[in-house]
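File shown: target15.pdb. Contents: PDB, C-alpha atoms, pLDDT in the B column.
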```pdb
ATOM      1  CA  MET O   1     109.228 103.624  77.924  1.00 64.00           C
ATOM      2  CA  HIS O   2     111.866 102.089  80.160  1.00 87.00           C
ATOM      3  CA  SER O   3     112.577  98.365  79.684  1.00 94.00           C
ATOM      4  CA  GLU O   4     113.798  96.110  82.469  1.00 96.00           C
ATOM      5  CA  VAL O   5     114.016  92.443  83.276  1.00 98.00           C
ATOM      6  CA  PHE O   6     113.888  91.408  86.924  1.00 98.00           C
ATOM      7  CA  VAL O   7     115.184  87.937  87.743  1.00 98.00           C
ATOM      8  CA  THR O   8     114.757  86.282  91.135  1.00 98.00           C
ATOM      9  CA  LEU O   9     116.886  83.177  91.672  1.00 98.00           C
ATOM     10  CA  SER O  10     116.194  82.966  95.410  1.00 93.00           C
ATOM     11  CA  SER O  11     115.100  85.299  98.181  1.00 85.00           C
ATOM     12  CA  GLY O  12     118.637  86.689  98.426  1.00 88.00           C
ATOM     13  CA  GLN O  13     119.518  86.643  94.732  1.00 95.00           C
ATOM     14  CA  GLU O  14     117.718  89.197  92.634  1.00 97.00           C
ATOM     15  CA  PHE O  15     118.966  90.846  89.467  1.00 98.00           C
ATOM     16  CA  THR O  16     117.682  93.963  87.727  1.00 97.00           C
ATOM     17  CA  LEU O  17     118.737  94.024  84.084  1.00 97.00           C
ATOM     18  CA  ASP O  18     118.399  97.231  82.093  1.00 94.00           C
ATOM     19  CA  ALA O  19     117.048  96.273  78.678  1.00 93.00           C
ATOM     20  CA  GLU O  20     117.454  99.859  77.443  1.00 90.00           C
ATOM     21  CA  ALA O  21     121.222  99.416  77.327  1.00 84.00           C
ATOM     22  CA  ALA O  22     120.876  95.952  75.803  1.00 88.00           C
ATOM     23  CA  PRO O  23     121.379  95.074  72.159  1.00 87.00           C
ATOM     24  CA  LYS O  24     118.199  95.592  70.127  1.00 93.00           C
ATOM     25  CA  PHE O  25     116.808  92.320  68.812  1.00 97.00           C
ATOM     26  CA  THR O  26     114.027  91.697  66.348  1.00 97.00           C
ATOM     27  CA  HIS O  27     111.463  89.164  67.560  1.00 97.00           C
ATOM     28  CA  GLU O  28     113.046  86.457  65.395  1.00 98.00           C
ATOM     29  CA  GLU O  29     116.609  87.290  66.510  1.00 98.00           C
ATOM     30  CA  ALA O  30     115.475  87.185  70.151  1.00 98.00           C
ATOM     31  CA  ARG O  31     113.805  83.805  69.679  1.00 97.00           C
ATOM     32  CA  ARG O  32     116.922  82.461  67.991  1.00 98.00           C
ATOM     33  CA  TRP O  33     119.193  83.777  70.776  1.00 98.00           C
ATOM     34  CA  LEU O  34     116.990  82.157  73.441  1.00 98.00           C
ATOM     35  CA  ASP O  35     116.888  78.899  71.426  1.00 97.00           C
ATOM     36  CA  ASP O  36     120.682  78.868  71.185  1.00 98.00           C
ATOM     37  CA  GLU O  37     121.121  79.529  74.916  1.00 98.00           C
ATOM     38  CA  PHE O  38     118.479  76.924  75.781  1.00 97.00           C
ATOM     39  CA  LEU O  39     120.557  74.337  73.913  1.00 96.00           C
ATOM     40  CA  ARG O  40     123.972  75.617  75.024  1.00 98.00           C
ATOM     41  CA  LEU O  41     122.968  75.596  78.698  1.00 98.00           C
ATOM     42  CA  GLU O  42     121.383  72.148  78.272  1.00 97.00           C
ATOM     43  CA  CYS O  43     117.967  73.257  79.516  1.00 96.00           C
ATOM     44  CA  GLU O  44     115.118  70.774  79.820  1.00 90.00           C
ATOM     45  CA  PRO O  45     111.514  71.404  78.683  1.00 88.00           C
ATOM     46  CA  LEU O  46     109.156  72.166  81.573  1.00 84.00           C
ATOM     47  CA  ARG O  47     106.201  70.357  80.012  1.00 76.00           C
ATOM     48  CA  ALA O  48     105.861  66.595  79.630  1.00 72.00           C
ATOM     49  CA  SER O  49     104.751  67.127  76.024  1.00 73.00           C
ATOM     50  CA  GLY O  50     108.168  68.592  75.227  1.00 68.00           C
ATOM     51  CA  LYS O  51     106.581  71.807  73.936  1.00 71.00           C
ATOM     52  CA  VAL O  52     108.548  74.868  75.011  1.00 79.00           C
ATOM     53  CA  LEU O  53     106.766  78.221  75.151  1.00 92.00           C
ATOM     54  CA  LEU O  54     108.819  81.419  74.928  1.00 95.00           C
ATOM     55  CA  ALA O  55     108.084  82.255  78.568  1.00 96.00           C
ATOM     56  CA  ASP O  56     109.204  78.735  79.562  1.00 95.00           C
ATOM     57  CA  LYS O  57     112.407  79.231  77.589  1.00 97.00           C
ATOM     58  CA  VAL O  58     113.117  82.554  79.353  1.00 98.00           C
ATOM     59  CA  LEU O  59     112.505  80.901  82.731  1.00 97.00           C
ATOM     60  CA  THR O  60     114.685  77.843  82.096  1.00 97.00           C
ATOM     61  CA  VAL O  61     117.503  79.865  80.523  1.00 98.00           C
ATOM     62  CA  ALA O  62     117.539  82.210  83.549  1.00 98.00           C
ATOM     63  CA  ALA O  63     117.589  79.233  85.922  1.00 98.00           C
ATOM     64  CA  ALA O  64     120.388  77.496  84.019  1.00 98.00           C
ATOM     65  CA  ALA O  65     122.394  80.714  83.717  1.00 98.00           C
ATOM     66  CA  GLY O  66     122.383  81.225  87.457  1.00 98.00           C
ATOM     67  CA  ALA O  67     124.042  84.056  89.287  1.00 98.00           C
ATOM     68  CA  LYS O  68     127.316  83.697  87.398  1.00 97.00           C
ATOM     69  CA  LEU O  69     125.919  84.559  83.954  1.00 98.00           C
ATOM     70  CA  LEU O  70     123.273  86.964  85.236  1.00 98.00           C
ATOM     71  CA  ALA O  71     126.085  88.960  86.875  1.00 97.00           C
ATOM     72  CA  ALA O  72     128.131  88.982  83.648  1.00 97.00           C
ATOM     73  CA  PRO O  73     127.401  92.330  81.950  1.00 96.00           C
ATOM     74  CA  GLU O  74     127.620  91.157  78.332  1.00 96.00           C
ATOM     75  CA  TRP O  75     125.524  88.001  78.785  1.00 97.00           C
ATOM     76  CA  SER O  76     122.906  89.658  81.006  1.00 97.00           C
ATOM     77  CA  ALA O  77     122.491  92.526  78.523  1.00 97.00           C
ATOM     78  CA  GLN O  78     121.867  90.036  75.728  1.00 97.00           C
ATOM     79  CA  PHE O  79     119.445  88.074  77.921  1.00 98.00           C
ATOM     80  CA  ALA O  80     117.526  91.254  78.802  1.00 97.00           C
ATOM     81  CA  GLY O  81     117.362  92.390  75.185  1.00 97.00           C
ATOM     82  CA  ALA O  82     116.260  88.985  73.941  1.00 98.00           C
ATOM     83  CA  THR O  83     113.670  88.618  76.701  1.00 98.00           C
ATOM     84  CA  VAL O  84     111.874  91.921  76.097  1.00 97.00           C
ATOM     85  CA  ALA O  85     111.988  91.450  72.312  1.00 97.00           C
ATOM     86  CA  ALA O  86     110.815  87.823  72.341  1.00 97.00           C
ATOM     87  CA  LEU O  87     107.979  88.458  74.775  1.00 97.00           C
ATOM     88  CA  ALA O  88     107.164  91.919  73.341  1.00 96.00           C
ATOM     89  CA  ARG O  89     106.884  93.408  76.849  1.00 96.00           C
ATOM     90  CA  PRO O  90     108.887  96.330  78.260  1.00 96.00           C
ATOM     91  CA  VAL O  91     108.999  94.943  81.806  1.00 97.00           C
ATOM     92  CA  VAL O  92     109.402  91.247  82.532  1.00 98.00           C
ATOM     93  CA  ARG O  93     109.677  89.555  85.927  1.00 98.00           C
ATOM     94  CA  VAL O  94     111.259  86.109  86.022  1.00 98.00           C
ATOM     95  CA  ASP O  95     110.659  84.263  89.292  1.00 98.00           C
ATOM     96  CA  VAL O  96     112.717  81.080  89.114  1.00 97.00           C
ATOM     97  CA  PRO O  97     111.654  79.603  92.505  1.00 97.00           C
ATOM     98  CA  GLY O  98     108.007  80.386  91.737  1.00 96.00           C
ATOM     99  CA  MET O  99     108.378  79.069  88.156  1.00 95.00           C
ATOM    100  CA  ALA O 100     106.659  82.186  86.808  1.00 96.00           C
ATOM    101  CA  VAL O 101     107.206  84.846  84.179  1.00 97.00           C
ATOM    102  CA  THR O 102     104.994  87.909  84.600  1.00 97.00           C
ATOM    103  CA  PHE O 103     104.641  91.242  82.858  1.00 94.00           C
TER     104      PHE O 103
END
```
Structure encoded using structure tokens:
Amino acid sequence: MHSEVFVTLSSGQEFTLDAEAAPKFTHEEARRWLDDEFLRLECEPLRASGKVLLADKVLTVAAAAGAKLLAAPEWSAQFAGATVAALARPVVRVDVPGMAVTF
């Protein structure tokens, strides 16, 4: 089955990332990669409780990465691979303006 991650930053900025060509992560490796990027990009938790769900982490990392990192082949491949592995879904849609991650 084909794996892709679609990221919408705004109505004019949409990225289609091929997760098939991405590095293969285990669930734990994907979680760790997203954790590291969440910290490196200085993301903030979306919930007042401070709890960060995996989908929230994918959303905030994509938002913090912006067009610059999403357009960078190496980083976007890692993001796509980590996203599909962490969420255990072959197709993931990340809508930053809508604050939604759907499958």
Near-stretch 25-30 of chain O list (8 Å; all atoms listed in the file; drop same-chain fewer than 3 positions) as a VMD selection string: chain O and resid 33 to 34 81 to 83 85 to 86 88
Which residue of O:Arg40, O:Asp18, O:Val101, O:Ala71 approaches O:Asp56 most closely, using only C-alpha atoms: O:Val101
Distance of atom CA of O:Leu9 from atom CA of O:Ala64, expressed in Å to one decimal place: 10.2 Å
Distance in Å - atom CA of O:Gly12 versus atom CA of O:Asp36: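 According to the coordinates, atom CA of O:Gly12 and atom CA of O:Asp36 are separated by 28.4 Å.
If all atoms listed in the file are the atoms counted, then among O:Ala100, O:Ala22, O:Leu87, O:Val92 the closest residue to O:Thr60 is O:Ala100.
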Atomic distance atom CA of O:Ala21 - atom CA of O:Gln78, expressed in Å with one decimal: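 Those two atoms sit 9.5 Å apart.
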Nearest to O:Ser10 by atom-to-atom distance, counting only C-alpha atoms, from O:Cys43, O:Phe103, O:Pro73, O:Ala62: O:Ala62
Residue nearest O:Val7 - candidates O:Asp95, O:Glu20, O:Glu37, O:Glu44, atoms counted: only C-alpha atoms: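 Distance minimum relative to O:Val7 lands on O:Asp95.
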Selection near O:Glu14, 10 Å with only C-alpha atoms, sequence-local residues under 6 positions removed, as a list in words: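 In the requested form, the answer reads Phe6, Val7, Thr8, Ala67, Leu70, Val94 and Asp95 of chain O.
You can rank O:Ala63, O:Val91, O:Val84, O:Leu54 by their closest distance to O:Gln13 using all atoms listed in the file, and at the top of that list sits O:Ala63.
Between O:Thr16 and the candidates O:Arg89, O:Arg32, O:Ala80, O:Thr102, the tightest atom-to-atom separation, counting only C-alpha atoms, involves O:Ala80.
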Once you add 3 Å to each side, what are the centre and edge lengths of the axis-aligned box holding all listed atoms of stretch 66-82 of chain O? One decimal in Å, as lines of an AutoDock Vina configuration file, if you can.
```
center_x = 122.2
center_y = 86.9
center_z = 81.6
size_x = 17.9
size_y = 17.3
size_z = 21.3
```
How about completing stretch 55-76 of chain O with N, CA and C atoms and giving it to me as a compact mmCIF listing (two decimals), in the coordinates of the input?
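Final file, part01.txt:
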```
# COMPACT_ATOMS: atom_id res chain seq x y z
N ALA O 55 107.95 81.93 77.14
CA ALA O 55 108.08 82.26 78.57
C ALA O 55 108.80 81.13 79.31
N ASP O 56 108.51 79.88 78.95
CA ASP O 56 109.20 78.74 79.56
C ASP O 56 110.69 78.79 79.25
N LYS O 57 111.01 79.16 78.01
CA LYS O 57 112.41 79.23 77.59
C LYS O 57 113.15 80.31 78.38
N VAL O 58 112.51 81.47 78.56
CA VAL O 58 113.12 82.55 79.35
C VAL O 58 113.37 82.07 80.78
N LEU O 59 112.40 81.40 81.36
CA LEU O 59 112.50 80.90 82.73
C LEU O 59 113.62 79.87 82.87
N THR O 60 113.67 78.90 81.97
CA THR O 60 114.68 77.84 82.10
C THR O 60 116.09 78.35 81.77
N VAL O 61 116.19 79.29 80.83
CA VAL O 61 117.50 79.86 80.52
C VAL O 61 118.01 80.67 81.72
N ALA O 62 117.14 81.44 82.36
CA ALA O 62 117.54 82.21 83.55
C ALA O 62 117.98 81.27 84.67
N ALA O 63 117.23 80.20 84.87
CA ALA O 63 117.59 79.23 85.92
C ALA O 63 118.93 78.57 85.63
N ALA O 64 119.13 78.16 84.38
CA ALA O 64 120.39 77.50 84.02
C ALA O 64 121.57 78.46 84.05
N ALA O 65 121.32 79.71 83.72
CA ALA O 65 122.39 80.71 83.72
C ALA O 65 122.91 80.95 85.12
N GLY O 66 121.99 81.00 86.07
CA GLY O 66 122.38 81.22 87.46
C GLY O 66 123.00 82.58 87.68
N ALA O 67 123.48 82.76 88.89
CA ALA O 67 124.04 84.06 89.29
C ALA O 67 125.29 84.42 88.49
N LYS O 68 126.06 83.41 88.10
CA LYS O 68 127.32 83.70 87.40
C LYS O 68 127.06 84.43 86.08
N LEU O 69 126.18 83.91 85.24
CA LEU O 69 125.92 84.56 83.95
C LEU O 69 125.06 85.81 84.11
N LEU O 70 124.11 85.78 85.04
CA LEU O 70 123.27 86.96 85.24
C LEU O 70 124.09 88.15 85.75
N ALA O 71 125.21 87.89 86.40
CA ALA O 71 126.08 88.96 86.88
C ALA O 71 127.10 89.40 85.81
N ALA O 72 127.20 88.64 84.73
CA ALA O 72 128.13 88.98 83.65
C ALA O 72 127.48 90.03 82.75
N PRO O 73 128.05 91.23 82.67
CA PRO O 73 127.40 92.33 81.95
C PRO O 73 127.02 92.02 80.50
N GLU O 74 127.91 91.41 79.75
CA GLU O 74 127.62 91.16 78.33
C GLU O 74 126.49 90.14 78.17
N TRP O 75 126.56 89.03 78.91
CA TRP O 75 125.52 88.00 78.78
C TRP O 75 124.18 88.52 79.29
N SER O 76 124.17 89.19 80.44
CA SER O 76 122.91 89.66 81.01
C SER O 76 122.25 90.72 80.12
```
